[in-house]
file model_24.txt (compact mmCIF, C-alpha atoms)
# COMPACT_ATOMS: atom_id res chain seq x y z
CA MET A 1059 -191.32 -80.96 -37.41
CA ALA A 1060 -188.45 -82.79 -35.77
CA ALA A 1061 -186.50 -80.96 -33.07
CA PRO A 1062 -183.06 -79.80 -34.23
CA ILE A 1063 -180.13 -82.02 -33.29
CA GLU A 1064 -176.39 -81.55 -33.69
CA ASN A 1065 -174.19 -84.65 -33.94
CA PHE A 1066 -170.47 -85.16 -33.36
CA ASP A 1067 -168.63 -88.46 -33.88
CA ASN A 1068 -165.45 -89.87 -32.30
CA ILE A 1069 -166.01 -88.18 -28.96
CA TYR A 1070 -164.63 -89.57 -25.70
CA LEU A 1071 -166.68 -89.18 -22.52
CA ASP A 1072 -164.80 -88.68 -19.27
CA LEU A 1073 -161.60 -90.23 -20.66
CA SER A 1074 -163.43 -93.32 -21.94
CA LYS A 1075 -161.36 -95.87 -23.81
CA GLU A 1076 -163.93 -96.13 -26.52
CA ASN A 1077 -165.25 -93.24 -28.54
CA GLY A 1078 -168.88 -92.54 -29.20
CA LYS A 1079 -171.42 -90.27 -30.71
CA CYS A 1080 -172.29 -87.06 -28.97
CA ARG A 1081 -175.56 -85.35 -29.76
CA PHE A 1082 -176.87 -82.04 -28.64
CA ALA A 1083 -180.52 -81.05 -28.56
CA GLU A 1084 -182.42 -78.22 -26.99
CA ASN A 1085 -183.29 -80.19 -23.86
CA GLY A 1086 -179.77 -81.48 -23.21
CA LEU A 1087 -176.99 -83.66 -24.53
CA GLY A 1088 -176.25 -87.34 -24.81
CA TRP A 1089 -173.32 -89.63 -25.53
CA LYS A 1090 -173.43 -93.22 -26.68
CA PRO A 1091 -170.46 -95.57 -27.16
CA ALA A 1092 -169.87 -96.41 -30.83
CA GLY A 1093 -169.84 -100.13 -30.07
CA GLY A 1094 -173.14 -99.97 -28.23
CA GLY A 1095 -173.80 -99.85 -24.51
CA ASP A 1096 -175.29 -97.55 -21.94
CA ALA A 1097 -175.83 -93.97 -22.97
CA PHE A 1098 -175.03 -90.94 -20.85
CA THR A 1099 -177.40 -88.00 -20.81
CA LEU A 1100 -177.26 -84.57 -19.26
CA ASP A 1101 -180.30 -82.36 -18.94
CA GLN A 1102 -179.88 -78.75 -20.02
CA SER A 1103 -181.09 -77.59 -16.60
CA ASN A 1104 -177.95 -79.16 -15.07
CA ILE A 1105 -175.53 -77.24 -17.32
CA GLY A 1106 -173.94 -74.55 -15.18
CA GLY A 1107 -170.99 -73.65 -17.36
CA ALA A 1108 -168.87 -74.86 -20.26
CA GLN A 1109 -165.21 -74.55 -21.23
CA TRP A 1110 -163.28 -75.23 -24.41
CA SER A 1111 -159.65 -76.39 -24.13
CA ARG A 1112 -156.99 -78.48 -25.78
CA ALA A 1113 -157.03 -82.01 -24.38
CA ALA A 1114 -155.46 -85.37 -25.32
CA LYS A 1115 -157.58 -86.59 -28.23
CA GLY A 1116 -158.34 -83.17 -29.61
CA TYR A 1117 -160.35 -80.33 -28.16
CA GLU A 1118 -162.44 -80.76 -25.07
CA VAL A 1119 -165.78 -79.43 -23.95
CA LYS A 1120 -165.87 -79.48 -20.19
CA ILE A 1121 -169.29 -79.06 -18.65
CA LEU A 1122 -169.59 -77.78 -15.11
CA GLN A 1123 -172.79 -79.22 -13.76
CA ARG A 1124 -175.00 -77.35 -11.36
CA ASN A 1125 -174.71 -80.27 -8.93
CA SER A 1126 -170.88 -79.81 -8.93
CA GLY A 1127 -170.21 -82.74 -11.23
CA ILE A 1128 -167.84 -82.35 -14.15
CA THR A 1129 -168.30 -83.91 -17.58
CA GLN A 1130 -165.42 -84.00 -20.03
CA LEU A 1131 -166.02 -84.58 -23.74
CA ASP A 1132 -162.76 -84.92 -25.68
CA GLY A 1133 -162.13 -85.39 -29.38
CA PHE A 1134 -163.62 -82.30 -31.01
CA GLN A 1135 -161.86 -80.55 -33.87
CA GLN A 1136 -160.62 -77.00 -33.53
CA GLU A 1137 -163.14 -75.85 -36.16
CA ASP A 1138 -166.05 -77.28 -34.12
CA TYR A 1139 -165.75 -74.36 -31.73
CA GLU A 1140 -168.10 -71.97 -33.58
CA ARG A 1141 -170.80 -74.60 -33.94
CA LEU A 1142 -170.57 -75.66 -30.29
CA SER A 1143 -170.42 -72.11 -29.08
CA LYS A 1144 -173.77 -71.47 -30.82
CA ILE A 1145 -175.29 -74.66 -29.41
CA PHE A 1146 -174.40 -73.67 -25.86
CA LYS A 1147 -175.48 -70.07 -26.31
CA ASN A 1148 -178.77 -70.69 -28.08
CA TRP A 1149 -179.93 -73.85 -26.36
CA TYR A 1150 -178.38 -73.71 -22.90
CA SER A 1151 -177.89 -69.94 -22.45
CA THR A 1152 -174.29 -70.75 -21.56
CA ASN A 1153 -171.11 -69.17 -22.80
CA LEU A 1154 -168.60 -71.76 -24.09
CA GLU A 1155 -165.57 -70.18 -22.50
CA ASN A 1156 -162.29 -70.59 -24.37
CA LYS A 1157 -159.88 -71.70 -21.65
CA GLU A 1158 -156.30 -71.73 -22.87
CA HIS A 1159 -153.98 -73.82 -20.75
CA SER A 1160 -150.44 -72.96 -19.83
CA LEU A 1161 -147.84 -74.64 -22.05
CA ARG A 1162 -144.81 -73.19 -20.33
CA GLY A 1163 -143.80 -76.39 -18.61
CA TRP A 1164 -143.45 -74.77 -15.21
CA ASN A 1165 -144.14 -76.57 -11.93
CA TRP A 1166 -144.83 -73.41 -9.96
CA GLY A 1167 -147.97 -71.31 -9.86
CA LYS A 1168 -151.03 -71.10 -7.70
CA ALA A 1169 -153.32 -73.90 -6.57
CA GLU A 1170 -156.85 -72.50 -6.56
CA PHE A 1171 -159.92 -74.21 -5.23
CA GLY A 1172 -163.06 -73.89 -7.34
CA LYS A 1173 -166.51 -75.30 -6.78
CA ALA A 1174 -165.83 -78.75 -8.18
CA GLU A 1175 -162.11 -78.88 -8.89
CA LEU A 1176 -158.66 -77.76 -7.90
CA SER A 1177 -156.95 -75.76 -10.58
CA PHE A 1178 -153.19 -75.32 -10.74
CA ASN A 1179 -152.61 -72.01 -12.49
CA VAL A 1180 -149.40 -70.84 -14.09
CA GLN A 1181 -149.42 -67.13 -14.86
CA ASN A 1182 -153.20 -67.02 -14.54
CA ARG A 1183 -153.72 -69.87 -16.98
CA PRO A 1184 -154.68 -73.34 -15.78
CA SER A 1185 -151.94 -75.92 -16.19
CA PHE A 1186 -154.21 -78.77 -15.06
CA GLU A 1187 -157.33 -79.37 -13.00
CA ILE A 1188 -158.26 -82.08 -10.53
CA PRO A 1189 -161.93 -82.80 -9.90
CA TYR A 1190 -162.51 -83.28 -6.16
CA SER A 1191 -164.42 -86.47 -6.97
CA GLU A 1192 -161.10 -88.08 -7.99
CA ILE A 1193 -159.38 -87.42 -4.68
CA SER A 1194 -159.48 -90.25 -2.15
CA ASN A 1195 -157.26 -88.79 0.53
CA THR A 1196 -155.05 -85.84 1.37
CA ASN A 1197 -152.47 -85.47 4.08
CA LEU A 1198 -149.71 -83.26 5.32
CA ALA A 1199 -146.66 -85.22 4.24
CA GLY A 1200 -144.05 -82.89 5.67
CA ARG A 1201 -143.32 -79.28 6.38
CA ASN A 1202 -145.24 -77.32 3.74
CA GLU A 1203 -145.89 -80.50 1.77
CA ILE A 1204 -149.35 -81.75 0.92
CA ALA A 1205 -149.94 -85.19 -0.57
CA VAL A 1206 -153.08 -85.78 -2.64
CA GLU A 1207 -153.99 -89.40 -3.29
CA PHE A 1208 -156.28 -90.47 -6.10
CA ALA A 1209 -159.05 -93.02 -6.15
CA VAL A 1210 -157.41 -96.00 -7.84
CA GLY A 1211 -159.10 -99.28 -7.08
CA ASP A 1212 -157.79 -102.64 -8.21
CA ALA A 1213 -160.81 -102.77 -10.47
CA ALA A 1214 -158.94 -100.30 -12.59
CA LYS A 1215 -156.32 -102.84 -13.56
CA ALA A 1216 -157.78 -103.17 -17.00
CA ASN A 1217 -156.28 -99.69 -17.58
CA GLY A 1218 -159.35 -98.01 -18.90
CA HIS A 1219 -163.05 -98.45 -19.00
CA ASN A 1220 -165.80 -98.71 -21.50
CA GLY A 1221 -169.07 -97.00 -21.98
CA ALA A 1222 -170.82 -94.40 -19.93
CA ARG A 1223 -170.23 -94.36 -16.21
CA GLY A 1224 -171.56 -92.76 -13.13
CA SER A 1225 -170.43 -89.25 -12.35
CA LYS A 1226 -168.27 -90.43 -9.44
CA GLY A 1227 -164.99 -90.55 -11.19
CA LYS A 1228 -162.13 -92.84 -11.91
CA LYS A 1229 -160.48 -90.46 -14.28
CA ALA A 1230 -157.10 -90.93 -12.65
CA THR A 1231 -157.02 -94.53 -13.81
CA ALA A 1232 -158.35 -94.01 -17.31
CA GLY A 1233 -155.06 -93.99 -19.18
CA LYS A 1234 -152.26 -96.51 -19.38
CA ASP A 1235 -150.36 -94.44 -16.84
CA GLN A 1236 -152.55 -94.09 -13.78
CA LEU A 1237 -151.98 -91.10 -11.56
CA VAL A 1238 -151.86 -92.30 -7.95
CA GLU A 1239 -150.39 -89.39 -6.03
CA MET A 1240 -149.47 -85.74 -6.40
CA ARG A 1241 -147.52 -83.69 -3.90
CA PHE A 1242 -147.53 -79.95 -3.57
CA TYR A 1243 -145.18 -77.60 -1.82
CA ILE A 1244 -147.24 -74.82 -0.26
CA PRO A 1245 -145.18 -72.19 1.51
CA GLY A 1246 -146.55 -71.48 4.94
CA THR A 1247 -146.24 -68.56 7.25
CA THR A 1248 -143.13 -70.09 8.82
CA THR A 1249 -140.19 -67.95 7.89
CA ARG A 1250 -137.02 -69.48 6.60
CA LYS A 1251 -135.18 -68.36 9.70
CA GLU A 1252 -137.65 -70.05 12.01
CA ALA A 1253 -137.58 -73.23 9.97
CA GLU A 1254 -133.81 -73.42 10.03
CA GLY A 1255 -133.65 -72.41 13.64
CA GLY A 1256 -135.63 -75.53 14.49
CA ASP A 1257 -132.72 -77.71 13.47
CA ALA A 1258 -130.16 -76.00 15.67
CA ASP B 1310 -121.50 -65.29 -1.49
CA GLN B 1311 -119.66 -66.01 1.71
CA ASN B 1312 -118.30 -69.39 0.61
CA GLY B 1313 -116.86 -67.84 -2.49
CA GLU B 1314 -119.29 -69.79 -4.64
CA GLU B 1315 -121.05 -68.13 -7.42
CA ILE B 1316 -124.72 -67.31 -6.84
CA LYS B 1317 -126.90 -69.19 -9.30
CA LYS B 1318 -129.41 -67.13 -11.17
CA PHE B 1319 -132.79 -68.27 -12.33
CA LYS B 1320 -133.19 -68.42 -16.10
CA ARG B 1321 -136.63 -68.58 -17.71
CA PHE B 1322 -137.61 -71.43 -19.97
CA GLU B 1323 -140.67 -72.55 -21.90
CA SER B 1324 -141.85 -75.94 -23.18
CA TYR B 1325 -144.31 -74.91 -25.90
CA LYS B 1326 -145.80 -71.76 -27.34
CA ARG B 1327 -148.80 -73.33 -29.09
CA ASP B 1328 -150.85 -76.43 -28.36
CA ASN B 1329 -150.18 -77.87 -31.84
CA GLN B 1330 -146.55 -78.41 -30.75
CA PHE B 1331 -147.48 -81.36 -28.51
CA PRO B 1332 -146.12 -84.70 -29.78
CA PRO B 1333 -148.99 -86.60 -31.51
CA LYS B 1334 -148.54 -89.44 -29.02
CA VAL B 1335 -150.23 -87.44 -26.23
CA ARG B 1336 -153.48 -88.85 -27.71
CA ASP B 1337 -152.82 -92.13 -25.91
CA MET B 1338 -152.96 -90.38 -22.52
CA GLY B 1339 -149.64 -91.87 -21.48
CA ILE B 1340 -146.36 -90.31 -20.40
CA VAL B 1341 -144.51 -88.87 -23.41
CA ILE B 1342 -140.92 -87.71 -23.47
CA ASP B 1343 -140.24 -84.95 -26.00
CA PRO B 1344 -136.44 -84.55 -26.19
CA LYS B 1345 -136.69 -81.96 -28.98
CA ASN B 1346 -138.40 -79.55 -26.60
CA ALA B 1347 -136.58 -80.76 -23.46
CA THR B 1348 -139.96 -81.63 -21.99
CA ILE B 1349 -141.87 -84.52 -20.46
CA VAL B 1350 -145.63 -84.50 -21.03
CA LEU B 1351 -147.64 -86.04 -18.21
CA PRO B 1352 -151.31 -87.04 -18.40
CA VAL B 1353 -153.37 -85.40 -15.66
CA MET B 1354 -157.11 -86.11 -15.76
CA GLY B 1355 -157.13 -86.40 -19.53
CA ARG B 1356 -155.00 -83.37 -20.23
CA PRO B 1357 -151.43 -83.46 -21.51
CA VAL B 1358 -149.40 -81.32 -19.10
CA PRO B 1359 -145.88 -80.30 -20.13
CA PHE B 1360 -143.06 -80.10 -17.62
CA HIS B 1361 -139.77 -78.68 -18.82
CA ILE B 1362 -136.65 -80.70 -17.98
CA ASN B 1363 -135.41 -77.75 -15.89
CA THR B 1364 -138.26 -78.39 -13.40
CA ILE B 1365 -137.28 -82.04 -12.94
CA LYS B 1366 -135.21 -83.17 -9.99
CA ASN B 1367 -135.19 -86.89 -10.70
CA ALA B 1368 -137.38 -89.90 -11.41
CA SER B 1369 -137.46 -93.27 -9.73
CA LYS B 1370 -139.14 -96.56 -10.47
CA SER B 1371 -140.31 -99.04 -7.86
CA ASP B 1372 -142.29 -102.26 -7.94
CA GLU B 1373 -145.03 -103.57 -5.72
CA GLY B 1374 -146.56 -106.88 -6.68
CA GLU B 1375 -147.77 -106.65 -10.26
CA TRP B 1376 -147.65 -102.87 -10.28
CA SER B 1377 -144.75 -100.64 -11.15
CA PHE B 1378 -144.60 -97.07 -9.93
CA LEU B 1379 -142.87 -94.12 -11.51
CA ARG B 1380 -142.33 -91.17 -9.25
CA ILE B 1381 -141.22 -87.93 -10.82
CA ASN B 1382 -139.78 -85.40 -8.40
CA PHE B 1383 -139.70 -81.73 -9.29
CA LEU B 1384 -137.46 -78.99 -8.01
CA SER B 1385 -139.09 -76.96 -5.28
CA PRO B 1386 -137.89 -74.80 -2.41
CA GLY B 1387 -136.78 -76.35 0.86
CA GLN B 1388 -135.23 -79.51 -0.51
CA GLY B 1389 -131.59 -78.48 -0.50
CA VAL B 1390 -129.37 -81.50 -0.10
CA GLY B 1391 -126.83 -79.78 2.07
CA ARG B 1392 -127.50 -77.16 4.66
CA LYS B 1393 -127.72 -74.55 2.00
CA ASP B 1394 -130.45 -74.53 -0.59
CA ASP B 1395 -128.81 -72.80 -3.54
CA GLN B 1396 -131.32 -73.82 -6.20
CA PRO B 1397 -132.65 -70.59 -7.72
CA PHE B 1398 -136.40 -70.08 -8.20
CA GLU B 1399 -138.28 -67.42 -10.05
CA ASP B 1400 -140.79 -67.14 -7.24
CA ALA B 1401 -140.05 -69.14 -4.10
CA SER B 1402 -143.33 -67.97 -2.55
CA ALA B 1403 -145.40 -69.70 -5.27
CA HIS B 1404 -147.07 -73.08 -4.90
CA PHE B 1405 -145.05 -75.91 -6.43
CA VAL B 1406 -145.89 -79.31 -7.81
CA ARG B 1407 -143.35 -81.38 -5.93
CA SER B 1408 -144.00 -84.87 -7.26
CA LEU B 1409 -146.28 -86.97 -9.42
CA THR B 1410 -146.55 -90.73 -9.07
CA PHE B 1411 -147.97 -92.97 -11.79
CA ARG B 1412 -148.51 -96.70 -11.87
CA SER B 1413 -148.70 -99.25 -14.62
CA THR B 1414 -148.31 -102.98 -15.07
CA ASP B 1415 -145.57 -102.35 -17.65
CA GLY B 1416 -142.47 -101.98 -15.47
CA ASP B 1417 -140.01 -102.12 -18.37
CA ARG B 1418 -141.56 -99.00 -19.80
CA TYR B 1419 -141.14 -97.13 -16.51
CA ALA B 1420 -137.49 -98.18 -16.28
CA GLU B 1421 -137.03 -96.85 -19.81
CA ILE B 1422 -138.80 -93.54 -19.06
CA ALA B 1423 -136.76 -93.04 -15.87
CA ASN B 1424 -133.60 -93.72 -17.87
CA GLN B 1425 -134.53 -91.36 -20.72
CA LEU B 1426 -135.46 -88.66 -18.26
CA SER B 1427 -132.15 -88.85 -16.42
CA ASN B 1428 -130.29 -88.70 -19.76
CA LEU B 1429 -132.31 -85.67 -20.78
CA LYS B 1430 -131.56 -84.05 -17.44
CA ARG B 1431 -127.87 -84.84 -17.74
CA ASP B 1432 -127.73 -83.35 -21.25
CA ALA B 1433 -129.56 -80.21 -20.10
CA VAL B 1434 -127.17 -79.70 -17.18
CA LYS B 1435 -124.18 -80.31 -19.43
CA LYS B 1436 -125.42 -77.83 -22.01
CA GLU B 1437 -126.02 -75.25 -19.30
CA GLN B 1438 -122.50 -75.77 -17.97
CA GLU B 1439 -120.97 -75.43 -21.44
CA LYS B 1440 -122.88 -72.21 -21.95
CA LYS B 1441 -121.63 -70.89 -18.66
CA ASP B 1442 -118.03 -71.84 -19.47
CA MET B 1443 -118.32 -69.96 -22.76
CA GLU B 1444 -119.53 -66.89 -20.95
CA ASP B 1445 -116.63 -66.94 -18.48
call {"tool": "encode", "arguments": {"input": "model_24.txt", "output": "structure tokens"}}
result
Amino acid sequence: MAAPIENFDNIYLDLSKENGKCRFAENGLGWKPAGGGDAFTLDQSNIGGAQWSRAAKGYEVKILQRNSGITQLDGFQQEDYERLSKIFKNWYSTNLENKEHSLRGWNWGKAEFGKAELSFNVQNRPSFEIPYSEISNTNLAGRNEIAVEFAVGDAAKANGHNGARGSKGKKATAGKDQLVEMRFYIPGTTTRKEAEGGDA
Amino acid sequence: DQNGEEIKKFKRFESYKRDNQFPPKVRDMGIVIDPKNATIVLPVMGRPVPFHINTIKNASKSDEGEWSFLRINFLSPGQGVGRKDDQPFEDASAHFVRSLTFRSTDGDRYAEIANQLSNLKRDAVKKEQEKKDMED
């Protein structure tokens, strides 16, 4: 008897330009670009956690790998949640956590550092996350100001990529608008009085 | 306050209540301006992230070789233009996103976005002022 397999079409792997077919089996999952090309596979033993969120193309399954890598699969339908939740529970003993993101439109919250990514939370809901693998450099740009630079090579000029890629990311350059830098204001222990006193 | 100016108060605002309110164009993972909801949606690692116009300070476009850059500056504490920083914040001890910079080879688009954003900002400020005048 053939092993059970669950298929999903029109899925985007790690912000790929091209969609592909995603299939889940007991021993892990795979993704293959619709137009042919290298497949991506992930063994079930490397699945450390999974989250369900709204993303750009549709709904996203984000897989937190045990080796700290992050895999993003975008393009699922809202009604796929039940099916996927069962797949993760029964085959990978993992809870597909429903992670609602903040839609408030606020730029203030709390930057929290997880195992594999930085999460900017607004009222205890993530507003966005940045995998550490995307960061090329950080520096103190001013008083209480931190600049985070992203790995954008000139190779990314094609504005997007095709097919499966290595886990070392170039997610910042995947879209037509490539994120190159983000700055945060992090209040320090310096009091306002001290800070202003410095100018006197 | 001591200069006889009126102390500005922070007023809460919200871009969206549900994720089905995003403009359909967020699919393309590009910057989307949503005037109806006074919001700009920015793509961050594959996720559409809304920022309400009230969080925006300004936007500027620059060019470097074949690339164009769009820098969006947000309001955050400690950036007062004068000696006094009178911008109100709900929680000045929070962490703030202070700026996001994107690049693209389509400079005309960035000029257009910067322009739309400043119009949206101007309209929001005007509306706020009108509301205040009505209250007085």
call {"tool": "closest_residue", "arguments": {"input": "model_24.txt", "among": "B:Pro1359, B:Ser1385, B:Asp1445, B:Met1338", "to": "B:Lys1326", "atoms": "only C-alpha atoms"}}
result
B:Pro1359
call {"tool": "closest_atom_pairs", "arguments": {"input": "model_24.txt", "of": "chain A", "to": "chain B", "cutoff": "7 Å", "atoms": "only C-alpha atoms", "output": "CSV"}}
result
residue,atom,partner,partner_atom,distance
A:Leu1073,CA,B:Gly1355,CA,6.0
A:Arg1112,CA,B:Asp1328,CA,7.0
A:Ala1113,CA,B:Arg1356,CA,4.8
A:Ala1114,CA,B:Arg1336,CA,4.7
A:Lys1115,CA,B:Arg1336,CA,4.7
A:Leu1161,CA,B:Tyr1325,CA,5.2
A:Arg1162,CA,B:Glu1323,CA,4.5
A:Gly1163,CA,B:Phe1360,CA,3.9
A:Trp1164,CA,B:Phe1360,CA,5.9
A:Asn1165,CA,B:Val1406,CA,5.2
A:Trp1166,CA,B:Phe1405,CA,4.3
A:Gly1167,CA,B:His1404,CA,5.3
A:Lys1168,CA,B:His1404,CA,5.2
A:Ala1169,CA,B:His1404,CA,6.5
A:Ser1185,CA,B:Val1358,CA,6.6
A:Phe1186,CA,B:Val1353,CA,6.7
A:Ile1188,CA,B:Met1354,CA,6.7
A:Lys1229,CA,B:Met1354,CA,5.7
A:Ala1230,CA,B:Met1354,CA,5.7
A:Gly1233,CA,B:Met1338,CA,5.3
A:Lys1234,CA,B:Gly1339,CA,5.7
A:Asp1235,CA,B:Gly1339,CA,5.4
A:Gln1236,CA,B:Phe1411,CA,5.1
A:Leu1237,CA,B:Phe1411,CA,4.4
A:Val1238,CA,B:Phe1411,CA,5.5
A:Glu1239,CA,B:Thr1410,CA,5.1
A:Met1240,CA,B:Leu1409,CA,4.6
A:Arg1241,CA,B:Ser1408,CA,5.0
A:Phe1242,CA,B:Val1406,CA,4.6
A:Tyr1243,CA,B:Phe1405,CA,4.9
A:Ile1244,CA,B:His1404,CA,5.0
A:Pro1245,CA,B:Ser1402,CA,6.1
call {"tool": "residues_near_point", "arguments": {"input": "model_24.txt", "point": "(-175.7, -80.0, -16.2)", "cutoff": "7 Å", "atoms": "only C-alpha atoms", "output": "CSV table (one decimal) with C-alpha atoms, in the frame of the given file"}}
result
chain,number,residue,atom,x,y,z
A,1100,LEU,CA,-177.3,-84.6,-19.3
A,1101,ASP,CA,-180.3,-82.4,-18.9
A,1102,GLN,CA,-179.9,-78.8,-20.0
A,1103,SER,CA,-181.1,-77.6,-16.6
A,1104,ASN,CA,-178.0,-79.2,-15.1
A,1105,ILE,CA,-175.5,-77.2,-17.3
A,1106,GLY,CA,-173.9,-74.6,-15.2
A,1121,ILE,CA,-169.3,-79.1,-18.6
A,1122,LEU,CA,-169.6,-77.8,-15.1
A,1123,GLN,CA,-172.8,-79.2,-13.8
A,1124,ARG,CA,-175.0,-77.4,-11.4
call {"tool": "atom_distance", "arguments": {"input": "model_24.txt", "atom1": "atom CA of A:Lys1144", "atom2": "atom CA of A:Ala1108"}}
result
12.1 Å
call {"tool": "residues_around", "arguments": {"input": "model_24.txt", "residues": "A:Ser1111", "least_positions_apart": "6", "cutoff": "6 Å", "atoms": "all atoms listed in the file", "output": "VMD selection string"}}
result
chain A and resid 1117 to 1118 1157 to 1158
call {"tool": "atom_distance", "arguments": {"input": "model_24.txt", "atom1": "atom CA of A:Gln1109", "atom2": "atom CA of A:Phe1208"}}
result
23.7 Å
call {"tool": "build_atoms", "arguments": {"input": "model_24.txt", "residues": "stretch 1104-1111 of chain A", "atoms": "all heavy atoms", "output": "tab-separated table (two decimals), keeping the file's coordinate frame"}}
result
chain	number	residue	atom	x	y	z
A	1104	ASN	N	-179.10	-78.86	-15.93
A	1104	ASN	CA	-177.95	-79.16	-15.07
A	1104	ASN	C	-176.65	-78.57	-15.63
A	1104	ASN	O	-175.57	-78.79	-15.09
A	1104	ASN	CB	-177.83	-80.67	-14.90
A	1104	ASN	CG	-176.95	-81.06	-13.71
A	1104	ASN	OD1	-176.51	-80.20	-12.94
A	1104	ASN	ND2	-176.67	-82.33	-13.57
A	1105	ILE	N	-176.74	-77.83	-16.73
A	1105	ILE	CA	-175.53	-77.24	-17.32
A	1105	ILE	C	-175.28	-75.88	-16.69
A	1105	ILE	O	-176.04	-74.93	-16.90
A	1105	ILE	CB	-175.67	-77.14	-18.85
A	1105	ILE	CG1	-175.81	-78.55	-19.45
A	1105	ILE	CG2	-174.46	-76.40	-19.45
A	1105	ILE	CD1	-176.12	-78.57	-20.94
A	1106	GLY	N	-174.23	-75.80	-15.89
A	1106	GLY	CA	-173.94	-74.55	-15.18
A	1106	GLY	C	-172.86	-73.72	-15.84
A	1106	GLY	O	-172.73	-72.53	-15.59
A	1107	GLY	N	-172.07	-74.35	-16.69
A	1107	GLY	CA	-170.99	-73.65	-17.36
A	1107	GLY	C	-170.30	-74.59	-18.34
A	1107	GLY	O	-170.47	-75.82	-18.24
A	1108	ALA	N	-169.56	-74.01	-19.28
A	1108	ALA	CA	-168.87	-74.86	-20.26
A	1108	ALA	C	-167.55	-74.21	-20.68
A	1108	ALA	O	-167.46	-72.99	-20.80
A	1108	ALA	CB	-169.76	-75.08	-21.47
A	1109	GLN	N	-166.53	-75.06	-20.84
A	1109	GLN	CA	-165.21	-74.55	-21.23
A	1109	GLN	C	-164.67	-75.33	-22.41
A	1109	GLN	O	-164.94	-76.52	-22.57
A	1109	GLN	CB	-164.23	-74.71	-20.04
A	1109	GLN	CG	-164.60	-73.86	-18.85
A	1109	GLN	CD	-163.75	-74.17	-17.63
A	1109	GLN	OE1	-162.90	-75.06	-17.65
A	1109	GLN	NE2	-163.98	-73.42	-16.57
A	1110	TRP	N	-163.89	-74.66	-23.21
A	1110	TRP	CA	-163.28	-75.23	-24.41
A	1110	TRP	C	-161.76	-75.18	-24.24
A	1110	TRP	O	-161.21	-74.10	-24.00
A	1110	TRP	CB	-163.72	-74.38	-25.62
A	1110	TRP	CG	-163.07	-74.71	-26.91
A	1110	TRP	CD1	-162.00	-74.06	-27.47
A	1110	TRP	CD2	-163.47	-75.72	-27.84
A	1110	TRP	NE1	-161.71	-74.62	-28.68
A	1110	TRP	CE2	-162.59	-75.65	-28.94
A	1110	TRP	CE3	-164.47	-76.69	-27.84
A	1110	TRP	CZ2	-162.69	-76.49	-30.03
A	1110	TRP	CZ3	-164.56	-77.55	-28.93
A	1110	TRP	CH2	-163.68	-77.45	-30.01
A	1111	SER	N	-161.11	-76.34	-24.32
A	1111	SER	CA	-159.65	-76.39	-24.13
A	1111	SER	C	-159.03	-77.47	-24.99
A	1111	SER	O	-159.71	-78.41	-25.42
A	1111	SER	CB	-159.30	-76.75	-22.68
A	1111	SER	OG	-159.93	-75.92	-21.76
